[in-house]
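K.L.:
Take this structure, written in structure tokens, and hold onto it; I'll ask about it next.
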Amino acid sequence: MNKNTEKDSAQNIDKILSIALTELSATKTLDSLNEWKVRYLGRKGIVVQLKRSISELPSKERPKFGQAINSASKILEQKLISQHTKVTSSDNKNIRESLDVTLPGVPINSGSLHPITQTIRDICEAFTSMGFEIIEGPEIELDYYNFQMLNIPKHHPARDGFNTLWIDQKDSNGERPMLLRTHTSPMQIRTMETQDPPIRLIVPGKVYRYEATDSSHEWHFSQIEGLAVDKDISFTDLKGTLYEFARKLFGEDVKVRFRCDYFPFVEPGAEMAIDWNSRTKDNDTKEENWIEILGAGMVHPKILKAVGYDTNKYTGFAFGIGVERIAMLKHGIDDIRLFYNNDIRFLGQF
Ligand code: FA5
């Protein structure tokens with residue numbers, strides 16, 4: 001065996017170890033520590049390269065050289081751990097020392113409820129304070145509840161007013177019995193089928209219509225249905241309830257307009273509109289700008305009979321409020337499409 005080669009190799013390792021340890025103790029940050037680790041202990045680092053060079057040595061020298069590399073590698077790993085502890089604790093100390101607790105804090109942005117959710121809550125609160133109960137219903141509805149039981153049989157022209165999104169599943173007659181509800185009114189029937197009067201309820205929920213959008217029309221929007229059935233309920237009760245609702249939402253000075261309207265499930269039927277320019281007290285414009293916010297009327301006796309109510313004893317009123325229109329009026333927004341564009345610059349204002 002060549003004693004000199006063996007000695008040279010061992011000295012070489014000692015030299016590398018000494019340089020590595022000097023460099024390690026000079027590291028002051030996690031980044032420099034990491035660079036050091038890659039240089040010496042990484043997959044392509046100096047220790048791995050030394051291990052690979054074993055095969056180039058005469059076979060007798062290999063075991064000793066191998067042992068020397070292993071013990072050097074262990075020393076480097078141990079020193080790395082202690083240097084890591086040193087570096088991180090001094091990092092923390094630097095952070096602590098550079099922290100000025102007297103500086104103003106950084107504001108944390110918190111989320112808020114969607115303006116339509118807030119409006120639904122405001123409307124629900126207005127009605128629950130008048131004794132109405134809140135219920136919910138399915139968004140995928142049967143033709144039977146959405147139309148037929150509401151006095152809108154197949155081929156009735158009133159169906160044209162509700163551009164319907166049908167569920168593409170046919171029954172044994174080849175007809176599509178299911179749809180995305182076009183209004184919340186089917187819940188009138190579902191409730192009256194299972195409950196006896198007195199009834200006072202509201203139904204918030206999403207509705208869908210296959211129609212082009214513009215500044216006051218969306219293809220999906222929210223409605224809140226209202227239904228009251230009891231002895232001696234009259235149109236005056238309907239008007240009084242809706243006036244009170246408008247005052248609760250927009251204040252005492254709000255201007256409300258009722259006009260006749262036609263819905264097959266009420267008789268007589270009406271629409272209620274609010275003057276856009278009267279919704280805030282500080283608005284002194286004289287001009288009126290009416291926005292239709294709901295359809296309403298006295299529940300048609302045909303419907304009361306169909307659900308098994310005694311029409312000599314009971315009458316009722318119903319209404320369907322467009323929530324987005326209320327939110328537009330409340331916040332002075334002139335384009336309904338803004339609510340569903342998911343633009344945080346708009347939604348962040350509420
Ligand atoms: C109905 O949907 C009836 N079910 C309302 C009703 C209930 C009448 C009970 C009588 C008794 P209408 O299609 O007019 O009616 O819609 C009611 C309200 O929803 C409208 O006044 C309006 O405020 C809102 N609305 C209607 N279409 C849209 C649309 N495309 N985008 C946004 N809001 C709408």
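Each chain of the structure tokens is named A, B, ... in the order shown, its residues numbered from 1; ligands are numbered from 1 in display order.
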List the spatial neighbours of Ile303 in chain A as a PyMOL selection string - criterion: any atom at most 8 Å away, only C-alpha atoms, same-chain residues fewer than 5 positions off excluded.

P.N.:
chain A and resi 149-151+265

K.L.:
Would you put the residues from that selection into a file with N, CA, C and O atoms, as a JSON list (two decimals), in the first residue's frame?

P.N.:
```json
[["chain", "number", "residue", "atom", "x", "y", "z"],
["A", 149, "MET", "N", -101.06, 24.15, -10.33],
["A", 149, "MET", "CA", -101.84, 24.44, -9.13],
["A", 149, "MET", "C", -102.01, 25.94, -8.89],
["A", 149, "MET", "O", -102.81, 26.37, -8.05],
["A", 150, "LEU", "N", -101.24, 26.74, -9.63],
["A", 150, "LEU", "CA", -101.38, 28.20, -9.51],
["A", 150, "LEU", "C", -102.30, 28.74, -10.61],
["A", 150, "LEU", "O", -102.19, 29.91, -11.02],
["A", 151, "ASN", "N", -103.16, 27.85, -11.09],
["A", 151, "ASN", "CA", -104.16, 28.26, -12.07],
["A", 151, "ASN", "C", -103.52, 28.63, -13.42],
["A", 151, "ASN", "O", -104.02, 29.50, -14.13],
["A", 265, "PHE", "N", -103.15, 33.53, -10.41],
["A", 265, "PHE", "CA", -103.38, 32.95, -9.07],
["A", 265, "PHE", "C", -103.90, 33.95, -8.05],
["A", 265, "PHE", "O", -104.05, 33.61, -6.87]]
```

K.L.:
As a ChimeraX atom specification, please: every residue in range 106-171 of chain A that a backbone DSSP assignment puts in strand (DSSP E).

P.N.:
/A:133-134,140-142

K.L.:
I'd like the contact shell of Ile344 in chain A - 12 Å cut-off, only C-alpha atoms, skipping same-chain residues fewer than 6 positions apart - returned as an NGL selection string.

P.N.:
:A and (111-112 or 114-115 or 338 or 350)

K.L.:
How about saving the chosen residues, N, CA, C and O atoms kept, as a short mmCIF file (atom, residue, chain, number, x, y, z; two decimals), in the first residue's frame?

P.N.:
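The new file result_32.cif reads:
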```
data_model
loop_
_atom_site.label_atom_id
_atom_site.label_comp_id
_atom_site.auth_asym_id
_atom_site.auth_seq_id
_atom_site.Cartn_x
_atom_site.Cartn_y
_atom_site.Cartn_z
N GLY A 111 -64.29 40.26 5.62
CA GLY A 111 -65.34 40.10 4.61
C GLY A 111 -66.66 40.65 5.11
O GLY A 111 -66.78 41.05 6.27
N SER A 112 -67.64 40.71 4.23
CA SER A 112 -68.97 41.14 4.69
C SER A 112 -70.02 40.34 3.91
O SER A 112 -69.68 39.69 2.92
N HIS A 114 -72.95 39.47 1.35
CA HIS A 114 -73.33 39.96 0.02
C HIS A 114 -74.54 40.90 0.19
O HIS A 114 -75.41 40.64 1.01
N PRO A 115 -74.57 42.02 -0.59
CA PRO A 115 -75.67 42.97 -0.41
C PRO A 115 -77.05 42.33 -0.55
O PRO A 115 -78.02 42.77 0.09
N LEU A 338 -74.58 44.30 -11.57
CA LEU A 338 -73.41 44.51 -10.70
C LEU A 338 -73.40 43.51 -9.54
O LEU A 338 -72.34 43.13 -9.06
N PHE A 350 -70.13 47.13 0.69
CA PHE A 350 -71.30 46.87 1.55
C PHE A 350 -70.91 46.30 2.90
O PHE A 350 -69.91 45.66 3.04
#
```

K.L.:
When distances are computed from only C-alpha atoms and all ligand atoms, which of A:Gly42, A:Gly205, A:Gly348, A:Pro186 shows the smallest separation from ligand 1?

P.N.:
A:Pro186

K.L.:
How would you write, as a ChimeraX atom specification, the set of residues in range 12-116 of chain A that DSSP gives as helix (DSSP H, G or I)?

P.N.:
/A:12-26,30-41,46-56,62-98,115-116

K.L.:
Between A:Gln83, A:Ser73, A:Thr184, A:Ser278, single out the one closest to ligand 1, counting only C-alpha atoms and all ligand atoms.

P.N.:
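Ranked by minimum distance to ligand 1, first place goes to A:Thr184.
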
K.L.:
What residues of the protein or nucleic acid chains come within 6 Å of ligand 1 when you use only C-alpha atoms and all ligand atoms? Reply as number ranges by chain.

P.N.:
A: 183, 185, 216-219, 221, 263, 266, 292-297, 318-322, 325

K.L.:
May I have the residues from that selection written out with N, CA, C and O atoms, as a compact mmCIF listing (two decimals), in the first residue's frame?

P.N.:
```txt
# COMPACT_ATOMS: atom_id res chain seq x y z
N HIS A 183 -90.61 31.40 -9.93
CA HIS A 183 -91.02 32.33 -8.87
C HIS A 183 -91.16 31.53 -7.57
O HIS A 183 -91.07 30.30 -7.59
N SER A 185 -93.83 31.50 -5.76
CA SER A 185 -95.25 31.23 -5.51
C SER A 185 -95.62 29.75 -5.31
O SER A 185 -96.60 29.46 -4.61
N SER A 216 -82.24 46.17 -15.34
CA SER A 216 -83.17 45.83 -14.25
C SER A 216 -83.64 44.37 -14.31
O SER A 216 -84.54 43.99 -13.56
N HIS A 217 -83.05 43.56 -15.20
CA HIS A 217 -83.45 42.15 -15.30
C HIS A 217 -82.24 41.22 -15.26
O HIS A 217 -81.29 41.42 -16.01
N GLU A 218 -82.31 40.23 -14.39
CA GLU A 218 -81.29 39.18 -14.33
C GLU A 218 -81.96 37.88 -14.75
O GLU A 218 -83.18 37.75 -14.69
N TRP A 219 -81.16 36.88 -15.14
CA TRP A 219 -81.77 35.58 -15.48
C TRP A 219 -81.95 34.73 -14.22
O TRP A 219 -82.73 33.79 -14.20
N PHE A 221 -82.50 35.56 -10.00
CA PHE A 221 -82.62 36.62 -9.01
C PHE A 221 -83.33 36.06 -7.78
O PHE A 221 -83.59 34.85 -7.71
N PHE A 263 -102.24 38.31 -12.48
CA PHE A 263 -101.57 37.03 -12.23
C PHE A 263 -102.70 36.02 -12.08
O PHE A 263 -103.65 36.28 -11.31
N VAL A 266 -104.17 35.20 -8.47
CA VAL A 266 -104.79 36.16 -7.55
C VAL A 266 -105.94 36.89 -8.22
O VAL A 266 -105.97 37.03 -9.44
N GLU A 292 -90.87 48.98 -10.30
CA GLU A 292 -91.77 47.92 -9.82
C GLU A 292 -91.00 46.97 -8.91
O GLU A 292 -89.93 46.47 -9.29
N ILE A 293 -91.51 46.75 -7.70
CA ILE A 293 -90.76 45.88 -6.78
C ILE A 293 -91.48 44.57 -6.46
O ILE A 293 -90.86 43.63 -5.98
N LEU A 294 -92.79 44.52 -6.71
CA LEU A 294 -93.48 43.28 -6.36
C LEU A 294 -94.81 43.12 -7.09
O LEU A 294 -95.40 44.09 -7.55
N GLY A 295 -95.24 41.85 -7.16
CA GLY A 295 -96.59 41.54 -7.62
C GLY A 295 -97.37 41.03 -6.41
O GLY A 295 -96.79 40.44 -5.51
N ALA A 296 -98.71 41.27 -6.41
CA ALA A 296 -99.49 40.88 -5.22
C ALA A 296 -100.96 40.72 -5.58
O ALA A 296 -101.36 40.97 -6.73
N GLY A 297 -101.76 40.30 -4.63
CA GLY A 297 -103.20 40.20 -4.85
C GLY A 297 -103.86 39.31 -3.82
O GLY A 297 -103.20 38.78 -2.92
N ALA A 318 -101.48 37.39 -1.11
CA ALA A 318 -100.13 36.89 -1.40
C ALA A 318 -99.36 37.98 -2.12
O ALA A 318 -99.94 38.88 -2.73
N PHE A 319 -98.04 37.93 -2.01
CA PHE A 319 -97.18 38.87 -2.75
C PHE A 319 -95.85 38.20 -3.07
O PHE A 319 -95.47 37.22 -2.42
N GLY A 320 -95.18 38.72 -4.09
CA GLY A 320 -93.84 38.22 -4.45
C GLY A 320 -92.93 39.41 -4.70
O GLY A 320 -93.12 40.16 -5.66
N ILE A 321 -91.94 39.59 -3.80
CA ILE A 321 -91.06 40.77 -3.86
C ILE A 321 -89.78 40.44 -4.63
O ILE A 321 -89.19 39.39 -4.42
N GLY A 322 -89.34 41.35 -5.50
CA GLY A 322 -88.04 41.19 -6.17
C GLY A 322 -86.94 41.79 -5.31
O GLY A 322 -86.88 43.01 -5.14
N ARG A 325 -84.30 44.34 -6.79
CA ARG A 325 -84.84 45.69 -7.04
C ARG A 325 -84.84 46.50 -5.74
O ARG A 325 -84.59 47.70 -5.74
```
